[in-house]
file data-v9.json (JSON, N, CA and C atoms)
[["chain", "number", "residue", "atom", "x", "y", "z"],
["A", 1, "MET", "N", 54.52, 35.11, 147.71],
["A", 1, "MET", "CA", 53.67, 34.41, 146.75],
["A", 1, "MET", "C", 52.55, 33.62, 147.43],
["A", 2, "LYS", "N", 52.75, 33.23, 148.67],
["A", 2, "LYS", "CA", 51.73, 32.42, 149.34],
["A", 2, "LYS", "C", 50.51, 33.24, 149.71],
["A", 3, "ASN", "N", 50.64, 34.57, 149.77],
["A", 3, "ASN", "CA", 49.52, 35.40, 150.19],
["A", 3, "ASN", "C", 48.66, 35.85, 149.02],
["A", 4, "ILE", "N", 48.93, 35.36, 147.83],
["A", 4, "ILE", "CA", 48.14, 35.76, 146.67],
["A", 4, "ILE", "C", 46.75, 35.12, 146.75],
["A", 5, "LYS", "N", 45.74, 35.93, 146.62],
["A", 5, "LYS", "CA", 44.36, 35.44, 146.56],
["A", 5, "LYS", "C", 43.99, 35.35, 145.08],
["A", 6, "TRP", "N", 44.05, 34.16, 144.56],
["A", 6, "TRP", "CA", 43.90, 33.96, 143.12],
["A", 6, "TRP", "C", 42.52, 34.36, 142.61],
["A", 7, "VAL", "N", 41.52, 34.29, 143.46],
["A", 7, "VAL", "CA", 40.18, 34.68, 143.04],
["A", 7, "VAL", "C", 40.16, 36.17, 142.69],
["A", 8, "PHE", "N", 40.93, 36.97, 143.42],
["A", 8, "PHE", "CA", 40.99, 38.40, 143.13],
["A", 8, "PHE", "C", 41.78, 38.68, 141.86],
["A", 9, "VAL", "N", 42.78, 37.87, 141.59],
["A", 9, "VAL", "CA", 43.52, 37.99, 140.33],
["A", 9, "VAL", "C", 42.58, 37.70, 139.17],
["A", 10, "LEU", "N", 41.75, 36.68, 139.32],
["A", 10, "LEU", "CA", 40.78, 36.34, 138.27],
["A", 10, "LEU", "C", 39.79, 37.48, 138.05],
["A", 11, "TYR", "N", 39.25, 38.04, 139.15],
["A", 11, "TYR", "CA", 38.32, 39.16, 139.02],
["A", 11, "TYR", "C", 38.99, 40.34, 138.33],
["A", 12, "ALA", "N", 40.23, 40.62, 138.69],
["A", 12, "ALA", "CA", 40.95, 41.75, 138.08],
["A", 12, "ALA", "C", 41.16, 41.53, 136.59],
["A", 13, "MET", "N", 41.51, 40.32, 136.21],
["A", 13, "MET", "CA", 41.71, 40.03, 134.79],
["A", 13, "MET", "C", 40.40, 40.13, 134.01],
["A", 14, "LEU", "N", 39.32, 39.62, 134.57],
["A", 14, "LEU", "CA", 38.03, 39.71, 133.90],
["A", 14, "LEU", "C", 37.57, 41.16, 133.76],
["A", 15, "ALA", "N", 37.82, 41.96, 134.80],
["A", 15, "ALA", "CA", 37.47, 43.38, 134.72],
["A", 15, "ALA", "C", 38.31, 44.08, 133.65],
["A", 16, "THR", "N", 39.58, 43.73, 133.58],
["A", 16, "THR", "CA", 40.46, 44.31, 132.55],
["A", 16, "THR", "C", 39.97, 43.95, 131.16],
["A", 17, "PHE", "N", 39.59, 42.72, 130.96],
["A", 17, "PHE", "CA", 39.08, 42.30, 129.65],
["A", 17, "PHE", "C", 37.78, 43.01, 129.31],
["A", 18, "SER", "N", 36.95, 43.26, 130.33],
["A", 18, "SER", "CA", 35.71, 43.99, 130.08],
["A", 18, "SER", "C", 35.99, 45.42, 129.66],
["A", 19, "ILE", "N", 36.97, 46.05, 130.29],
["A", 19, "ILE", "CA", 37.35, 47.41, 129.92],
["A", 19, "ILE", "C", 37.90, 47.43, 128.49],
["A", 20, "MET", "N", 38.71, 46.44, 128.16],
["A", 20, "MET", "CA", 39.25, 46.36, 126.80],
["A", 20, "MET", "C", 38.13, 46.14, 125.79],
["A", 21, "ALA", "N", 37.14, 45.34, 126.17],
["A", 21, "ALA", "CA", 36.01, 45.09, 125.27],
["A", 21, "ALA", "C", 35.21, 46.36, 125.02],
["A", 22, "ILE", "N", 35.12, 47.22, 126.02],
["A", 22, "ILE", "CA", 34.43, 48.50, 125.82],
["A", 22, "ILE", "C", 35.12, 49.27, 124.70],
["A", 23, "GLY", "N", 36.43, 49.35, 124.76],
["A", 23, "GLY", "CA", 37.19, 50.05, 123.72],
["A", 23, "GLY", "C", 37.03, 49.42, 122.35],
["A", 24, "ILE", "N", 37.04, 48.11, 122.30],
["A", 24, "ILE", "CA", 36.88, 47.41, 121.02],
["A", 24, "ILE", "C", 35.51, 47.69, 120.43],
["A", 25, "PHE", "N", 34.48, 47.62, 121.27],
["A", 25, "PHE", "CA", 33.13, 47.85, 120.76],
["A", 25, "PHE", "C", 32.90, 49.31, 120.38],
["A", 26, "ILE", "N", 33.57, 50.23, 121.06],
["A", 26, "ILE", "CA", 33.48, 51.63, 120.64],
["A", 26, "ILE", "C", 34.09, 51.77, 119.25],
["A", 27, "GLY", "N", 35.23, 51.11, 119.04],
["A", 27, "GLY", "CA", 35.87, 51.15, 117.73],
["A", 27, "GLY", "C", 35.01, 50.54, 116.64],
["A", 28, "GLU", "N", 34.27, 49.51, 116.97],
["A", 28, "GLU", "CA", 33.39, 48.87, 115.99],
["A", 28, "GLU", "C", 32.08, 49.62, 115.81],
["A", 29, "GLY", "N", 31.77, 50.52, 116.73],
["A", 29, "GLY", "CA", 30.52, 51.27, 116.65],
["A", 29, "GLY", "C", 29.32, 50.48, 117.12],
["A", 30, "SER", "N", 29.54, 49.53, 118.02],
["A", 30, "SER", "CA", 28.46, 48.69, 118.50],
["A", 30, "SER", "C", 27.99, 49.16, 119.88],
["A", 31, "ALA", "N", 26.87, 49.85, 119.92],
["A", 31, "ALA", "CA", 26.33, 50.33, 121.19],
["A", 31, "ALA", "C", 25.92, 49.17, 122.08],
["A", 32, "THR", "N", 25.39, 48.12, 121.50],
["A", 32, "THR", "CA", 24.98, 46.94, 122.28],
["A", 32, "THR", "C", 26.19, 46.31, 122.97],
["A", 33, "GLY", "N", 27.29, 46.19, 122.24],
["A", 33, "GLY", "CA", 28.51, 45.62, 122.82],
["A", 33, "GLY", "C", 29.07, 46.48, 123.94],
["A", 34, "VAL", "N", 29.03, 47.80, 123.76],
["A", 34, "VAL", "CA", 29.52, 48.71, 124.80],
["A", 34, "VAL", "C", 28.67, 48.56, 126.05],
["A", 35, "ILE", "N", 27.36, 48.57, 125.90],
["A", 35, "ILE", "CA", 26.46, 48.44, 127.05],
["A", 35, "ILE", "C", 26.66, 47.09, 127.73],
["A", 36, "GLY", "N", 26.78, 46.02, 126.95],
["A", 36, "GLY", "CA", 27.00, 44.70, 127.52],
["A", 36, "GLY", "C", 28.32, 44.62, 128.29],
["A", 37, "SER", "N", 29.35, 45.24, 127.76],
["A", 37, "SER", "CA", 30.65, 45.24, 128.43],
["A", 37, "SER", "C", 30.61, 46.04, 129.72],
["A", 38, "ILE", "N", 29.89, 47.15, 129.71],
["A", 38, "ILE", "CA", 29.76, 47.95, 130.93],
["A", 38, "ILE", "C", 28.99, 47.17, 132.00],
["A", 39, "VAL", "N", 27.92, 46.50, 131.59],
["A", 39, "VAL", "CA", 27.16, 45.68, 132.54],
["A", 39, "VAL", "C", 28.04, 44.56, 133.10],
["A", 40, "ALA", "N", 28.81, 43.92, 132.23],
["A", 40, "ALA", "CA", 29.72, 42.86, 132.69],
["A", 40, "ALA", "C", 30.75, 43.41, 133.67],
["A", 41, "LEU", "N", 31.29, 44.59, 133.38],
["A", 41, "LEU", "CA", 32.28, 45.21, 134.26],
["A", 41, "LEU", "C", 31.69, 45.51, 135.63],
["A", 42, "VAL", "N", 30.50, 46.08, 135.66],
["A", 42, "VAL", "CA", 29.85, 46.39, 136.94],
["A", 42, "VAL", "C", 29.58, 45.11, 137.72],
["A", 43, "ALA", "N", 29.14, 44.06, 137.03],
["A", 43, "ALA", "CA", 28.86, 42.79, 137.70],
["A", 43, "ALA", "C", 30.14, 42.17, 138.27],
["A", 44, "ILE", "N", 31.20, 42.16, 137.49],
["A", 44, "ILE", "CA", 32.46, 41.57, 137.94],
["A", 44, "ILE", "C", 33.01, 42.34, 139.14],
["A", 45, "MET", "N", 32.97, 43.68, 139.06],
["A", 45, "MET", "CA", 33.45, 44.48, 140.18],
["A", 45, "MET", "C", 32.59, 44.24, 141.42],
["A", 46, "GLY", "N", 31.29, 44.10, 141.23],
["A", 46, "GLY", "CA", 30.40, 43.83, 142.36],
["A", 46, "GLY", "C", 30.71, 42.49, 143.01],
["A", 47, "PHE", "N", 30.93, 41.47, 142.19],
["A", 47, "PHE", "CA", 31.30, 40.16, 142.73],
["A", 47, "PHE", "C", 32.62, 40.24, 143.50],
["A", 48, "GLY", "N", 33.56, 40.99, 142.96],
["A", 48, "GLY", "CA", 34.85, 41.13, 143.63],
["A", 48, "GLY", "C", 34.73, 41.79, 145.00],
["A", 49, "PHE", "N", 33.99, 42.90, 145.05],
["A", 49, "PHE", "CA", 33.82, 43.59, 146.34],
["A", 49, "PHE", "C", 33.02, 42.75, 147.32],
["A", 50, "THR", "N", 32.02, 42.03, 146.83],
["A", 50, "THR", "CA", 31.24, 41.15, 147.70],
["A", 50, "THR", "C", 32.10, 40.03, 148.27],
["A", 51, "THR", "N", 32.93, 39.44, 147.41],
["A", 51, "THR", "CA", 33.83, 38.38, 147.86],
["A", 51, "THR", "C", 34.81, 38.90, 148.89],
["A", 52, "LYS", "N", 35.34, 40.10, 148.65],
["A", 52, "LYS", "CA", 36.29, 40.68, 149.61],
["A", 52, "LYS", "C", 35.62, 40.93, 150.95],
["A", 53, "LYS", "N", 34.40, 41.43, 150.94],
["A", 53, "LYS", "CA", 33.68, 41.68, 152.19],
["A", 53, "LYS", "C", 33.45, 40.38, 152.95],
["A", 54, "LYS", "N", 33.02, 39.33, 152.24],
["A", 54, "LYS", "CA", 32.76, 38.04, 152.90],
["A", 54, "LYS", "C", 34.04, 37.46, 153.49],
["A", 55, "MET", "N", 35.15, 37.59, 152.74],
["A", 55, "MET", "CA", 36.42, 37.06, 153.25],
["A", 55, "MET", "C", 36.91, 37.86, 154.44],
["A", 56, "ARG", "N", 36.68, 39.17, 154.42],
["A", 56, "ARG", "CA", 37.09, 40.01, 155.55],
["A", 56, "ARG", "C", 36.28, 39.66, 156.79],
["A", 57, "GLU", "N", 34.98, 39.40, 156.61],
["A", 57, "GLU", "CA", 34.14, 39.03, 157.76],
["A", 57, "GLU", "C", 34.54, 37.69, 158.36],
["A", 58, "LYS", "N", 35.09, 36.79, 157.54],
["A", 58, "LYS", "CA", 35.54, 35.49, 158.02],
["A", 58, "LYS", "C", 37.01, 35.51, 158.44],
["A", 59, "ASN", "N", 37.61, 36.71, 158.47],
["A", 59, "ASN", "CA", 39.02, 36.89, 158.83],
["A", 59, "ASN", "C", 39.97, 36.08, 157.96],
["A", 60, "GLN", "N", 39.65, 36.00, 156.68],
["A", 60, "GLN", "CA", 40.52, 35.30, 155.73],
["A", 60, "GLN", "C", 41.45, 36.26, 155.00],
["A", 61, "LEU", "N", 41.29, 37.54, 155.24],
["A", 61, "LEU", "CA", 42.19, 38.53, 154.61],
["A", 61, "LEU", "C", 43.12, 39.11, 155.63]]

call {"tool": "encode", "arguments": {"input": "data-v9.json", "output": "structure tokens"}}
result
Amino acid sequence: MKNIKWVFVLYAMLATFSIMAIGIFIGEGSATGVIGSIVALVAIMGFGFTTKKKMREKNQL
């Protein structure tokens, strides 16, 4: 439990919610919502990978 990187758990949860939002907006027929959710997903995943790279360079992983 001590090795859990909570920031990555947060990124994973946010990405999961974005994926769920895509499905919800598809069901509602909202193209704007789908596009917004996809943009949010790409941004969250980008932040996660960037954070992982920075932590790896600082030998924190």

call {"tool": "residues_around", "arguments": {"input": "data-v9.json", "residues": "segment 36-43 of chain A", "least_positions_apart": "5", "cutoff": "7 Å", "atoms": "only N, CA and C atoms", "output": "list in words"}}
result
Leu14, Ala15, Ser18, Ile19, Ala21, Ile22, Ala31 and Gly48 of chain A

call {"tool": "closest_residue", "arguments": {"input": "data-v9.json", "among": "A:Leu61, A:Met45, A:Val34, A:Ile26", "to": "Met13 of chain A", "atoms": "only C-alpha atoms"}}
result
A:Met45

call {"tool": "closest_residue", "arguments": {"input": "data-v9.json", "among": "A:Phe49, A:Lys58, A:Met20, A:Val9", "to": "Gly33 of chain A", "atoms": "only C-alpha atoms"}}
result
A:Met20

call {"tool": "atom_distance", "arguments": {"input": "data-v9.json", "atom1": "atom CA of Ala12 of chain A", "atom2": "atom CA of Thr50 of chain A"}}
result
13.7 Å

call {"tool": "atom_distance", "arguments": {"input": "data-v9.json", "atom1": "atom N of Met55 of chain A", "atom2": "atom CA of Asn3 of chain A"}}
result
14.8 Å

call {"tool": "atom_distance", "arguments": {"input": "data-v9.json", "atom1": "atom C of Phe8 of chain A", "atom2": "atom C of Glu57 of chain A"}}
result
18.0 Å
